[in-house]
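A.B. asks: Would you mind keeping the following structure in view while I ask a few things?
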2 protein chains.
Amino acid sequence: MESSPGSPGSSGSPDLVAPTRGGRGARERILRAAADLFYADGINTTGMERLTEAAHVSKRTFYQHFPSKAALVEAYLHGQRPSGEQTLDRDDLSPRDRLLGLFAERAATEGRFRGCPYHNAAVETAGALPEVQAEVVRHKQEFAARLIETARAAGARDPEGLGRQLAVLFEGAKALSTSLNDGCPADDARQAAITLIDAAMTGE
Amino acid sequence: MESSPGSPGSSGSPDLVAPTRGGRGARERILRAAADLFYADGINTTGMERLTEAAHVSKRTFYQHFPSKAALVEAYLHGQRPSGEQTLDRDDLSPRDRLLGLFAERAATEGRFRGCPYHNAAVETAGALPEVQAEVVRHKQEFAARLIETARAAGARDPEGLGRQLAVLFEGAKALSTSLNDGCPADDARQAAITLIDAAMTGE
DNA sequence: CCTCATGTAAAACGATCGGTTTACCAAGCC
DNA sequence: GGCTTGGTAAACCGATCGTTTTACATGAGG
């Protein structure tokens with residue numbers, strides 16, 4: 001049971017994190033384990049036992065870094081960059097391609113589609129954690145704003161309308177992929193995005 | 001503290017429940033309470049204590065009707081008709097209006113948007129309950145099939161493509177409404193649906 | 001040397017989880 | 001009356017939840 005974290009190199013357990021050294025950087029390990037487990041298995045079904053175990057951290061250390069599990073959920077969300085969304089930042093692409101890049105299919109790249117961590121957190125907490133709810137709203141609004149900005153850069157006639165429509169479409173691709181456990185909806189979303197973008201460029 | 005239902009005999013429900021004899025309707029009450037609590041508060045956060053209490057049913061009676069909570073979740077999903085989807089059945093509307101009717105905004109009509117019960121169940125169980133996962137997939141595929149059929153009736157050039165695109169859009173409207181706790185995305189989805197449908201009718 | 005910050009391991013807390021059990025009750029039907 | 005059927009109320013089970021606590025180890029700085 002004593003994994004002896006002091007000795008580097010030997011790691012018999014499925015360590016998610018390379019221990020920096022004797023034990024410093026507990027907070028990072030906690031956040032990394034939370035990102036893995038909360039996303040893969042869900043927030044409610046991930047107990048503190050498994051979490052601290054995966055982070056190679058004692059419970060005491062955990063509660064010295066975070067006042068509660070809810071606080072960790074907040075921090076977990078705050079540090080999230082949902083897969084695909086960063087495509088909007090690529091300045092090597094035209095605005096149009098940046099928008100379309102959101103819907104690039106990545107079906108088999110990752111192990112399992114589990115949708116947007118923010119949305120999942122909203123569903124799981126069901127409004128019981130106001131701070132989490134607020135964080136989700138903040139992220140979704142910010143993402144929509146970035147979409148609108150990109151739509152404007154792409155020369156859309158009604159950038160706000162197009163941006164919000166693409167936001168709905170993007171959310172739907174992730175959600176339906178989660179429900180179906182299959183990345184195919186991304187292809188349909190991409191086709192729809194092309195249609196919507198084209199329609200937003202040409203005359204009414 | 002509740003007015004005990006003295007004469008439940010006139011409940012016009014069909015033979016869905018099929019009481020072997022003289023059933024007092026405990027099963028119906030359980031399913032009704034499950035529909036309320038699972039949807040509003042989530043599946044994982046609704047314990048058997050609160051559930052049986054809300055259904056005015058003893059735990060013993062519950063476990064005489066359902067072998068486990070997981071089985072109740074299955075039955076709960078099986079009996080669900082997500083709000084809005086039944087618009088597809090209205091034969092007083094043209095196929096096009098049936099498709100558009102899905103996105104009719106109903107922002108303030110209900111207390112709280114909580115998205116699609118099937119999708120929520122998929123998120124909450126995170127694949128831990130295979131039967132539930134299968135039920136979600138089944139429903140989503142059936143719904144997409146109905147959309148495709150309606151798109152075909154509407155005269156779409158590529159009914160399968162349009163149907164699946166509208167399915168993604170519909171899922172996104174519900175998911176984003178959940179995350180934002182606001183029904184506005186339905187309006188954007190409706191606009192996008194009009195664009196997609198129109199594009200599917202006119203020439204390429 | 002001592003202290004202090006940071007860490008670990010492990011037991012224990014009360015609460016609640018899903019699920020089981022005991023004891024009792026009221027009709028329905030022979 | 002007996003007997004089954006479908007129901008209620010409440011105690012109880014082991015397990016796990018999130019959280020706290022006790023006891024101990026380590027390394028840097030004075």
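In the structure tokens, the first chain shown is A, the next is B, and so on; residue numbers restart at 1 for each chain, and ligands run from 1 in the order shown.
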For a quick test of understanding: name the residues of chain B lying within 6 Å of chain A when counting only C-alpha atoms, and present them as an MDAnalysis selection string.

C.D. replies: chainID B and resid 41 119 122 124 126 137 165 168:169 171:173 179:180 188

A.B. asks: Using the selection just defined, write its residues with N, CA and C atoms as a short mmCIF file (atom, residue, chain, number, x, y, z; two decimals), in the first residue's frame.

C.D. replies:
data_model
loop_
_atom_site.label_atom_id
_atom_site.label_comp_id
_atom_site.auth_asym_id
_atom_site.auth_seq_id
_atom_site.Cartn_x
_atom_site.Cartn_y
_atom_site.Cartn_z
N ASP B 41 -34.97 17.21 -9.87
CA ASP B 41 -33.81 17.24 -8.97
C ASP B 41 -32.68 16.34 -9.41
N HIS B 119 -31.51 12.55 -22.16
CA HIS B 119 -30.14 13.04 -22.16
C HIS B 119 -29.63 13.23 -20.74
N ALA B 122 -28.59 10.04 -19.33
CA ALA B 122 -27.31 9.58 -19.89
C ALA B 122 -26.15 10.29 -19.21
N GLU B 124 -26.17 11.70 -16.19
CA GLU B 124 -26.08 11.37 -14.76
C GLU B 124 -25.53 9.98 -14.51
N ALA B 126 -23.70 8.25 -16.60
CA ALA B 126 -22.33 8.18 -17.13
C ALA B 126 -21.96 6.78 -17.59
N VAL B 137 -30.33 5.65 -26.12
CA VAL B 137 -29.98 5.51 -27.54
C VAL B 137 -31.22 5.18 -28.37
N GLN B 165 -29.90 16.83 -38.96
CA GLN B 165 -29.46 18.18 -38.58
C GLN B 165 -30.44 18.82 -37.61
N VAL B 168 -29.98 17.44 -34.15
CA VAL B 168 -28.87 18.07 -33.43
C VAL B 168 -29.30 19.44 -32.90
N LEU B 169 -29.99 20.16 -33.77
CA LEU B 169 -30.42 21.51 -33.38
C LEU B 169 -31.38 21.45 -32.19
N GLU B 171 -31.67 19.09 -29.96
CA GLU B 171 -30.92 18.70 -28.76
C GLU B 171 -30.16 19.90 -28.19
N GLY B 172 -29.59 20.68 -29.09
CA GLY B 172 -28.83 21.84 -28.62
C GLY B 172 -29.70 22.87 -27.93
N ALA B 173 -30.90 23.07 -28.46
CA ALA B 173 -31.80 24.04 -27.84
C ALA B 173 -32.12 23.63 -26.41
N SER B 179 -28.29 24.66 -19.55
CA SER B 179 -27.07 25.27 -19.02
C SER B 179 -27.30 26.72 -18.64
N LEU B 180 -28.03 27.44 -19.48
CA LEU B 180 -28.25 28.86 -19.22
C LEU B 180 -29.42 29.10 -18.28
N ASP B 188 -33.36 31.08 -31.23
CA ASP B 188 -32.26 30.96 -32.19
C ASP B 188 -32.36 29.65 -32.95
#

A.B. asks: Name the residues of region 49-83 of chain A that fall into alpha helix (DSSP H) according to DSSP on the backbone, using the chain letters and numbers of this document, as a list in words.

C.D. replies: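 Residues of region 49-83 of chain A classed as alpha helix (DSSP H): Glu49, Arg50, Leu51, Thr52, Glu53, Ala54, Lys59, Arg60, Thr61, Phe62, Tyr63, Gln64, His65, Lys69, Ala70, Ala71, Leu72, Val73, Glu74, Ala75, Tyr76, Leu77 and His78 of chain A.
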
A.B. asks: Take the residues just selected and output them with C-alpha atoms as a PDB file, in the first residue's frame.

C.D. replies:
ATOM      1  CA  GLU A  49     -12.186   8.377  -1.478  1.00  0.00           C
ATOM      2  CA  ARG A  50     -11.482   7.632  -5.106  1.00  0.00           C
ATOM      3  CA  LEU A  51     -10.602  11.227  -5.848  1.00  0.00           C
ATOM      4  CA  THR A  52      -7.918  11.600  -3.200  1.00  0.00           C
ATOM      5  CA  GLU A  53      -6.636   8.166  -4.022  1.00  0.00           C
ATOM      6  CA  ALA A  54      -6.264   9.024  -7.694  1.00  0.00           C
ATOM      7  CA  LYS A  59      -7.881  13.663   2.661  1.00  0.00           C
ATOM      8  CA  ARG A  60      -6.351  16.025   5.134  1.00  0.00           C
ATOM      9  CA  THR A  61      -4.200  17.605   2.452  1.00  0.00           C
ATOM     10  CA  PHE A  62      -7.221  17.938   0.249  1.00  0.00           C
ATOM     11  CA  TYR A  63      -9.203  19.826   2.841  1.00  0.00           C
ATOM     12  CA  GLN A  64      -6.262  22.110   3.431  1.00  0.00           C
ATOM     13  CA  HIS A  65      -6.450  23.155  -0.209  1.00  0.00           C
ATOM     14  CA  LYS A  69     -15.985  19.215  -2.633  1.00  0.00           C
ATOM     15  CA  ALA A  70     -18.246  21.900  -4.061  1.00  0.00           C
ATOM     16  CA  ALA A  71     -15.319  24.297  -4.078  1.00  0.00           C
ATOM     17  CA  LEU A  72     -13.300  21.754  -5.999  1.00  0.00           C
ATOM     18  CA  VAL A  73     -16.075  21.451  -8.550  1.00  0.00           C
ATOM     19  CA  GLU A  74     -15.932  25.185  -9.037  1.00  0.00           C
ATOM     20  CA  ALA A  75     -12.182  25.165  -9.465  1.00  0.00           C
ATOM     21  CA  TYR A  76     -12.462  22.208 -11.804  1.00  0.00           C
ATOM     22  CA  LEU A  77     -14.879  24.047 -14.034  1.00  0.00           C
ATOM     23  CA  HIS A  78     -12.898  27.253 -13.927  1.00  0.00           C
TER      24      HIS A  78
END

A.B. asks: Chain B superposed on chain A over all ordered C-alpha pairs, least squares: can you write that as a PDB file with C-alpha atoms, in the first residue's frame?

C.D. replies:
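Output saved as superposed26.pdb:
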ATOM      1  CA  MET B   1      -0.747  -2.997  -6.764  1.00  0.00           C
ATOM      2  CA  GLU B   2       0.254   0.122  -8.555  1.00  0.00           C
ATOM      3  CA  SER B   3       3.774   1.075  -9.454  1.00  0.00           C
ATOM      4  CA  SER B   4       4.431   3.862  -7.066  1.00  0.00           C
ATOM      5  CA  PRO B   5       5.557   7.005  -8.843  1.00  0.00           C
ATOM      6  CA  GLY B   6       9.019   7.258  -7.468  1.00  0.00           C
ATOM      7  CA  SER B   7      10.324  10.360  -9.170  1.00  0.00           C
ATOM      8  CA  PRO B   8       7.640  12.866  -9.968  1.00  0.00           C
ATOM      9  CA  GLY B   9      10.122  15.683 -10.169  1.00  0.00           C
ATOM     10  CA  SER B  10      10.138  15.950 -13.935  1.00  0.00           C
ATOM     11  CA  SER B  11       6.461  16.698 -14.319  1.00  0.00           C
ATOM     12  CA  GLY B  12       6.472  19.559 -16.754  1.00  0.00           C
ATOM     13  CA  SER B  13       3.323  21.169 -15.476  1.00  0.00           C
ATOM     14  CA  PRO B  14       3.522  24.933 -15.037  1.00  0.00           C
ATOM     15  CA  ASP B  15       3.046  26.714 -11.770  1.00  0.00           C
ATOM     16  CA  LEU B  16      -0.657  26.017 -11.719  1.00  0.00           C
ATOM     17  CA  VAL B  17      -0.369  23.940  -8.614  1.00  0.00           C
ATOM     18  CA  ALA B  18       2.257  26.015  -6.825  1.00  0.00           C
ATOM     19  CA  PRO B  19       3.351  23.618  -4.100  1.00  0.00           C
ATOM     20  CA  THR B  20       4.510  25.609  -1.125  1.00  0.00           C
ATOM     21  CA  ARG B  21       7.452  23.297  -0.837  1.00  0.00           C
ATOM     22  CA  GLY B  22       8.518  19.925  -2.024  1.00  0.00           C
ATOM     23  CA  GLY B  23       4.954  18.888  -2.851  1.00  0.00           C
ATOM     24  CA  ARG B  24       4.551  15.289  -3.833  1.00  0.00           C
ATOM     25  CA  GLY B  25       1.880  16.190  -6.318  1.00  0.00           C
ATOM     26  CA  ALA B  26      -1.141  14.920  -4.448  1.00  0.00           C
ATOM     27  CA  ARG B  27      -3.212  17.812  -5.683  1.00  0.00           C
ATOM     28  CA  GLU B  28      -2.497  16.959  -9.285  1.00  0.00           C
ATOM     29  CA  ARG B  29      -3.473  13.354  -8.786  1.00  0.00           C
ATOM     30  CA  ILE B  30      -6.709  14.426  -7.119  1.00  0.00           C
ATOM     31  CA  LEU B  31      -7.584  16.754  -9.970  1.00  0.00           C
ATOM     32  CA  ARG B  32      -6.750  14.102 -12.512  1.00  0.00           C
ATOM     33  CA  ALA B  33      -8.899  11.504 -10.808  1.00  0.00           C
ATOM     34  CA  ALA B  34     -11.698  14.038 -10.489  1.00  0.00           C
ATOM     35  CA  ALA B  35     -11.499  14.829 -14.181  1.00  0.00           C
ATOM     36  CA  ASP B  36     -11.776  11.146 -15.004  1.00  0.00           C
ATOM     37  CA  LEU B  37     -14.465  10.074 -12.568  1.00  0.00           C
ATOM     38  CA  PHE B  38     -16.629  13.187 -12.519  1.00  0.00           C
ATOM     39  CA  TYR B  39     -16.805  13.171 -16.289  1.00  0.00           C
ATOM     40  CA  ALA B  40     -17.278   9.455 -16.815  1.00  0.00           C
ATOM     41  CA  ASP B  41     -19.556   8.554 -13.916  1.00  0.00           C
ATOM     42  CA  GLY B  42     -21.009  11.875 -12.887  1.00  0.00           C
ATOM     43  CA  ILE B  43     -20.370  14.124  -9.943  1.00  0.00           C
ATOM     44  CA  ASN B  44     -23.108  13.001  -7.585  1.00  0.00           C
ATOM     45  CA  THR B  45     -22.490   9.313  -8.095  1.00  0.00           C
ATOM     46  CA  THR B  46     -18.753   9.612  -7.429  1.00  0.00           C
ATOM     47  CA  GLY B  47     -18.183   9.348  -3.707  1.00  0.00           C
ATOM     48  CA  MET B  48     -15.129  10.505  -1.844  1.00  0.00           C
ATOM     49  CA  GLU B  49     -14.188   6.928  -1.163  1.00  0.00           C
ATOM     50  CA  ARG B  50     -13.776   6.004  -4.800  1.00  0.00           C
ATOM     51  CA  LEU B  51     -12.286   9.357  -5.663  1.00  0.00           C
ATOM     52  CA  THR B  52      -9.484   9.282  -3.101  1.00  0.00           C
ATOM     53  CA  GLU B  53      -8.865   5.665  -3.931  1.00  0.00           C
ATOM     54  CA  ALA B  54      -8.472   6.427  -7.630  1.00  0.00           C
ATOM     55  CA  ALA B  55      -6.169   9.346  -6.854  1.00  0.00           C
ATOM     56  CA  HIS B  56      -4.003   7.186  -4.551  1.00  0.00           C
ATOM     57  CA  VAL B  57      -4.544   9.761  -1.864  1.00  0.00           C
ATOM     58  CA  SER B  58      -5.736   9.450   1.676  1.00  0.00           C
ATOM     59  CA  LYS B  59      -8.855  11.287   2.690  1.00  0.00           C
ATOM     60  CA  ARG B  60      -6.862  13.356   5.105  1.00  0.00           C
ATOM     61  CA  THR B  61      -4.567  14.556   2.364  1.00  0.00           C
ATOM     62  CA  PHE B  62      -7.534  15.399   0.231  1.00  0.00           C
ATOM     63  CA  TYR B  63      -9.099  17.604   2.861  1.00  0.00           C
ATOM     64  CA  GLN B  64      -5.785  19.343   3.355  1.00  0.00           C
ATOM     65  CA  HIS B  65      -5.919  20.410  -0.278  1.00  0.00           C
ATOM     66  CA  PHE B  66      -9.624  21.077  -0.699  1.00  0.00           C
ATOM     67  CA  PRO B  67     -12.064  22.305   1.928  1.00  0.00           C
ATOM     68  CA  SER B  68     -14.917  20.249   0.522  1.00  0.00           C
ATOM     69  CA  LYS B  69     -16.069  18.171  -2.393  1.00  0.00           C
ATOM     70  CA  ALA B  70     -17.881  21.196  -3.797  1.00  0.00           C
ATOM     71  CA  ALA B  71     -14.584  23.059  -3.921  1.00  0.00           C
ATOM     72  CA  LEU B  72     -13.080  20.180  -5.864  1.00  0.00           C
ATOM     73  CA  VAL B  73     -15.947  20.350  -8.335  1.00  0.00           C
ATOM     74  CA  GLU B  74     -15.171  24.010  -8.864  1.00  0.00           C
ATOM     75  CA  ALA B  75     -11.501  23.342  -9.391  1.00  0.00           C
ATOM     76  CA  TYR B  76     -12.334  20.449 -11.683  1.00  0.00           C
ATOM     77  CA  LEU B  77     -14.477  22.668 -13.877  1.00  0.00           C
ATOM     78  CA  HIS B  78     -11.954  25.485 -13.851  1.00  0.00           C
ATOM     79  CA  GLY B  79      -9.287  23.209 -15.258  1.00  0.00           C
ATOM     80  CA  GLN B  80     -11.458  21.757 -17.988  1.00  0.00           C
ATOM     81  CA  ARG B  81     -10.953  22.318 -21.672  1.00  0.00           C
ATOM     82  CA  PRO B  82     -13.911  20.589 -23.308  1.00  0.00           C
ATOM     83  CA  SER B  83     -12.918  18.476 -26.264  1.00  0.00           C
ATOM     84  CA  GLY B  84     -13.260  20.227 -29.566  1.00  0.00           C
ATOM     85  CA  GLU B  85     -13.382  23.767 -28.299  1.00  0.00           C
ATOM     86  CA  GLN B  86      -9.659  24.324 -28.633  1.00  0.00           C
ATOM     87  CA  THR B  87     -10.064  24.087 -32.392  1.00  0.00           C
ATOM     88  CA  LEU B  88     -10.845  27.791 -32.254  1.00  0.00           C
ATOM     89  CA  ASP B  89      -7.256  28.479 -31.231  1.00  0.00           C
ATOM     90  CA  ARG B  90      -5.622  26.920 -34.269  1.00  0.00           C
ATOM     91  CA  ASP B  91      -4.198  29.757 -36.281  1.00  0.00           C
ATOM     92  CA  ASP B  92      -3.164  27.419 -39.068  1.00  0.00           C
ATOM     93  CA  LEU B  93      -6.780  27.330 -40.167  1.00  0.00           C
ATOM     94  CA  SER B  94      -8.914  29.983 -41.726  1.00  0.00           C
ATOM     95  CA  PRO B  95     -11.580  31.446 -39.450  1.00  0.00           C
ATOM     96  CA  ARG B  96     -14.202  29.544 -41.394  1.00  0.00           C
ATOM     97  CA  ASP B  97     -12.378  26.248 -40.983  1.00  0.00           C
ATOM     98  CA  ARG B  98     -11.890  26.999 -37.319  1.00  0.00           C
ATOM     99  CA  LEU B  99     -15.630  27.305 -36.933  1.00  0.00           C
ATOM    100  CA  LEU B 100     -16.288  24.167 -38.932  1.00  0.00           C
ATOM    101  CA  GLY B 101     -13.575  22.284 -37.088  1.00  0.00           C
ATOM    102  CA  LEU B 102     -15.743  22.382 -33.996  1.00  0.00           C
ATOM    103  CA  PHE B 103     -18.066  19.914 -35.615  1.00  0.00           C
ATOM    104  CA  ALA B 104     -15.486  17.481 -36.910  1.00  0.00           C
ATOM    105  CA  GLU B 105     -16.857  14.095 -36.077  1.00  0.00           C
ATOM    106  CA  ARG B 106     -14.856  12.115 -33.580  1.00  0.00           C
ATOM    107  CA  ALA B 107     -17.351   9.355 -33.053  1.00  0.00           C
ATOM    108  CA  ALA B 108     -15.213   6.369 -32.288  1.00  0.00           C
ATOM    109  CA  THR B 109     -12.094   8.138 -31.139  1.00  0.00           C
ATOM    110  CA  GLU B 110     -13.008   8.253 -27.477  1.00  0.00           C
ATOM    111  CA  GLY B 111     -14.594   5.603 -25.374  1.00  0.00           C
ATOM    112  CA  ARG B 112     -17.842   7.280 -24.526  1.00  0.00           C
ATOM    113  CA  PHE B 113     -19.440  10.565 -25.289  1.00  0.00           C
ATOM    114  CA  ARG B 114     -20.565  12.254 -22.159  1.00  0.00           C
ATOM    115  CA  GLY B 115     -21.153  15.759 -23.449  1.00  0.00           C
ATOM    116  CA  CYS B 116     -19.801  18.984 -22.053  1.00  0.00           C
ATOM    117  CA  PRO B 117     -18.490  18.731 -18.473  1.00  0.00           C
ATOM    118  CA  TYR B 118     -19.761  22.210 -17.677  1.00  0.00           C
ATOM    119  CA  HIS B 119     -23.255  21.466 -18.891  1.00  0.00           C
ATOM    120  CA  ASN B 120     -23.281  18.132 -17.129  1.00  0.00           C
ATOM    121  CA  ALA B 121     -22.266  19.810 -13.901  1.00  0.00           C
ATOM    122  CA  ALA B 122     -25.085  22.318 -14.301  1.00  0.00           C
ATOM    123  CA  VAL B 123     -27.572  19.510 -14.797  1.00  0.00           C
ATOM    124  CA  GLU B 124     -26.272  17.421 -11.926  1.00  0.00           C
ATOM    125  CA  THR B 125     -26.066  20.170  -9.358  1.00  0.00           C
ATOM    126  CA  ALA B 126     -29.419  21.626 -10.414  1.00  0.00           C
ATOM    127  CA  GLY B 127     -28.508  25.031  -9.096  1.00  0.00           C
ATOM    128  CA  ALA B 128     -27.720  23.762  -5.618  1.00  0.00           C
ATOM    129  CA  LEU B 129     -24.096  24.933  -5.866  1.00  0.00           C
ATOM    130  CA  PRO B 130     -24.088  28.606  -6.859  1.00  0.00           C
ATOM    131  CA  GLU B 131     -20.339  28.718  -7.404  1.00  0.00           C
ATOM    132  CA  VAL B 132     -20.543  25.859  -9.840  1.00  0.00           C
ATOM    133  CA  GLN B 133     -23.467  27.444 -11.629  1.00  0.00           C
ATOM    134  CA  ALA B 134     -21.516  30.686 -11.979  1.00  0.00           C
ATOM    135  CA  GLU B 135     -18.519  28.839 -13.341  1.00  0.00           C
ATOM    136  CA  VAL B 136     -20.696  27.167 -15.971  1.00  0.00           C
ATOM    137  CA  VAL B 137     -22.212  30.479 -17.031  1.00  0.00           C
ATOM    138  CA  ARG B 138     -18.793  32.060 -17.205  1.00  0.00           C
ATOM    139  CA  HIS B 139     -17.444  29.346 -19.451  1.00  0.00           C
ATOM    140  CA  LYS B 140     -20.422  29.324 -21.785  1.00  0.00           C
ATOM    141  CA  GLN B 141     -20.322  33.068 -22.175  1.00  0.00           C
ATOM    142  CA  GLU B 142     -16.606  33.054 -22.822  1.00  0.00           C
ATOM    143  CA  PHE B 143     -16.975  30.329 -25.392  1.00  0.00           C
ATOM    144  CA  ALA B 144     -19.749  32.234 -27.143  1.00  0.00           C
ATOM    145  CA  ALA B 145     -17.532  35.318 -27.162  1.00  0.00           C
ATOM    146  CA  ARG B 146     -14.759  33.361 -28.823  1.00  0.00           C
ATOM    147  CA  LEU B 147     -17.204  32.072 -31.402  1.00  0.00           C
ATOM    148  CA  ILE B 148     -18.420  35.581 -32.123  1.00  0.00           C
ATOM    149  CA  GLU B 149     -14.877  36.816 -32.506  1.00  0.00           C
ATOM    150  CA  THR B 150     -14.073  34.034 -34.937  1.00  0.00           C
ATOM    151  CA  ALA B 151     -17.288  34.686 -36.846  1.00  0.00           C
ATOM    152  CA  ARG B 152     -16.237  38.299 -37.156  1.00  0.00           C
ATOM    153  CA  ALA B 153     -12.823  37.279 -38.408  1.00  0.00           C
ATOM    154  CA  ALA B 154     -14.545  35.064 -40.946  1.00  0.00           C
ATOM    155  CA  GLY B 155     -16.335  38.108 -42.295  1.00  0.00           C
ATOM    156  CA  ALA B 156     -19.857  37.279 -41.191  1.00  0.00           C
ATOM    157  CA  ARG B 157     -22.441  39.938 -41.759  1.00  0.00           C
ATOM    158  CA  ASP B 158     -23.830  39.569 -38.225  1.00  0.00           C
ATOM    159  CA  PRO B 159     -21.016  37.933 -36.276  1.00  0.00           C
ATOM    160  CA  GLU B 160     -22.855  38.052 -32.959  1.00  0.00           C
ATOM    161  CA  GLY B 161     -25.886  36.317 -34.400  1.00  0.00           C
ATOM    162  CA  LEU B 162     -23.831  33.696 -36.197  1.00  0.00           C
ATOM    163  CA  GLY B 163     -21.607  33.104 -33.196  1.00  0.00           C
ATOM    164  CA  ARG B 164     -24.507  32.568 -30.858  1.00  0.00           C
ATOM    165  CA  GLN B 165     -26.287  30.338 -33.337  1.00  0.00           C
ATOM    166  CA  LEU B 166     -23.201  28.173 -33.699  1.00  0.00           C
ATOM    167  CA  ALA B 167     -22.927  28.038 -29.924  1.00  0.00           C
ATOM    168  CA  VAL B 168     -26.437  26.628 -29.714  1.00  0.00           C
ATOM    169  CA  LEU B 169     -25.661  24.176 -32.471  1.00  0.00           C
ATOM    170  CA  PHE B 170     -22.459  23.031 -30.795  1.00  0.00           C
ATOM    171  CA  GLU B 171     -24.211  22.557 -27.494  1.00  0.00           C
ATOM    172  CA  GLY B 172     -26.912  20.557 -29.219  1.00  0.00           C
ATOM    173  CA  ALA B 173     -24.435  18.256 -30.906  1.00  0.00           C
ATOM    174  CA  LYS B 174     -22.862  17.388 -27.579  1.00  0.00           C
ATOM    175  CA  ALA B 175     -26.137  17.076 -25.716  1.00  0.00           C
ATOM    176  CA  LEU B 176     -27.801  14.887 -28.321  1.00  0.00           C
ATOM    177  CA  SER B 177     -24.711  12.739 -28.593  1.00  0.00           C
ATOM    178  CA  THR B 178     -24.954  12.205 -24.866  1.00  0.00           C
ATOM    179  CA  SER B 179     -28.617  11.294 -24.938  1.00  0.00           C
ATOM    180  CA  LEU B 180     -28.255   8.961 -27.892  1.00  0.00           C
ATOM    181  CA  ASN B 181     -24.869   7.662 -26.776  1.00  0.00           C
ATOM    182  CA  ASP B 182     -23.799   8.123 -30.361  1.00  0.00           C
ATOM    183  CA  GLY B 183     -21.671  10.720 -32.092  1.00  0.00           C
ATOM    184  CA  CYS B 184     -23.747  10.960 -35.250  1.00  0.00           C
ATOM    185  CA  PRO B 185     -25.409  14.276 -34.392  1.00  0.00           C
ATOM    186  CA  ALA B 186     -22.039  15.914 -34.989  1.00  0.00           C
ATOM    187  CA  ASP B 187     -22.401  15.232 -38.707  1.00  0.00           C
ATOM    188  CA  ASP B 188     -25.805  16.865 -38.852  1.00  0.00           C
ATOM    189  CA  ALA B 189     -24.492  19.771 -36.814  1.00  0.00           C
ATOM    190  CA  ARG B 190     -21.631  20.184 -39.244  1.00  0.00           C
ATOM    191  CA  GLN B 191     -24.006  20.319 -42.184  1.00  0.00           C
ATOM    192  CA  ALA B 192     -26.148  22.864 -40.384  1.00  0.00           C
ATOM    193  CA  ALA B 193     -23.066  24.901 -39.521  1.00  0.00           C
ATOM    194  CA  ILE B 194     -22.047  25.029 -43.180  1.00  0.00           C
ATOM    195  CA  THR B 195     -25.487  26.266 -44.118  1.00  0.00           C
ATOM    196  CA  LEU B 196     -25.528  28.878 -41.367  1.00  0.00           C
ATOM    197  CA  ILE B 197     -22.043  30.146 -42.130  1.00  0.00           C
ATOM    198  CA  ASP B 198     -22.699  30.347 -45.844  1.00  0.00           C
ATOM    199  CA  ALA B 199     -25.949  32.176 -45.246  1.00  0.00           C
ATOM    200  CA  ALA B 200     -24.129  34.624 -42.999  1.00  0.00           C
ATOM    201  CA  MET B 201     -21.634  35.441 -45.747  1.00  0.00           C
ATOM    202  CA  THR B 202     -23.815  35.937 -48.794  1.00  0.00           C
ATOM    203  CA  GLY B 203     -26.286  38.772 -49.115  1.00  0.00           C
ATOM    204  CA  GLU B 204     -29.468  38.728 -47.126  1.00  0.00           C
TER     205      GLU B 204
END

A.B. asks: Could you tell me which residues of chain D sit within 10 Å of chain B when counting only C-alpha atoms (C1' of nucleotides), and give me the result as a ChimeraX atom specification?

C.D. replies: /D:5-10

A.B. asks: Can I get the selection written as a compact mmCIF listing (two decimals), in the first residue's frame, with N, CA and C atoms (P, O5', C5', C4', C3', O3' and C1' of nucleotides)?

C.D. replies:
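Ended up saving to selection_14.txt:
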# COMPACT_ATOMS: atom_id res chain seq x y z
P DT D 5 -52.15 -14.86 -2.77
O5' DT D 5 -52.59 -13.32 -2.78
C5' DT D 5 -53.92 -12.98 -3.19
C4' DT D 5 -54.11 -11.48 -3.12
C3' DT D 5 -52.86 -10.66 -3.45
O3' DT D 5 -53.20 -9.59 -4.31
C1' DT D 5 -53.71 -10.01 -1.35
P DG D 6 -52.09 -8.85 -5.13
O5' DG D 6 -52.01 -7.46 -4.37
C5' DG D 6 -53.12 -6.56 -4.44
C4' DG D 6 -52.92 -5.46 -3.43
C3' DG D 6 -51.58 -4.73 -3.57
O3' DG D 6 -51.78 -3.33 -3.63
C1' DG D 6 -51.94 -5.45 -1.34
P DG D 7 -50.52 -2.37 -3.82
O5' DG D 7 -50.37 -1.69 -2.39
C5' DG D 7 -51.46 -0.95 -1.88
C4' DG D 7 -51.40 -0.90 -0.37
C3' DG D 7 -50.13 -0.28 0.21
O3' DG D 7 -50.19 1.14 0.15
C1' DG D 7 -50.97 -2.09 1.54
P DT D 8 -48.96 1.95 0.66
O5' DT D 8 -49.03 1.91 2.24
C5' DT D 8 -50.20 2.35 2.94
C4' DT D 8 -49.91 2.36 4.43
C3' DT D 8 -48.68 3.18 4.81
O3' DT D 8 -49.00 4.12 5.81
C1' DT D 8 -48.49 0.95 5.66
P DA D 9 -47.98 5.26 6.12
O5' DA D 9 -47.18 4.71 7.37
C5' DA D 9 -47.90 4.18 8.48
C4' DA D 9 -46.90 3.66 9.51
C3' DA D 9 -45.64 4.52 9.65
O3' DA D 9 -45.43 4.80 11.03
C1' DA D 9 -45.05 2.25 9.25
P DA D 10 -44.27 5.83 11.46
O5' DA D 10 -43.07 4.86 11.86
C5' DA D 10 -43.35 3.66 12.59
C4' DA D 10 -42.11 2.79 12.64
C3' DA D 10 -40.78 3.55 12.69
O3' DA D 10 -39.96 2.98 13.68
C1' DA D 10 -40.71 1.94 11.01

A.B. asks: When you draw a straight line from C1' of DA12 (chain C) to C1' of DA15 (chain D), how long is it in Å?

C.D. replies: 15.2 Å

A.B. asks: Do me a favour and pick out the residues of chain C within 12 Å of chain A, using only C-alpha atoms (C1' of nucleotides), as a ChimeraX atom specification.

C.D. replies: /C:5-10,17
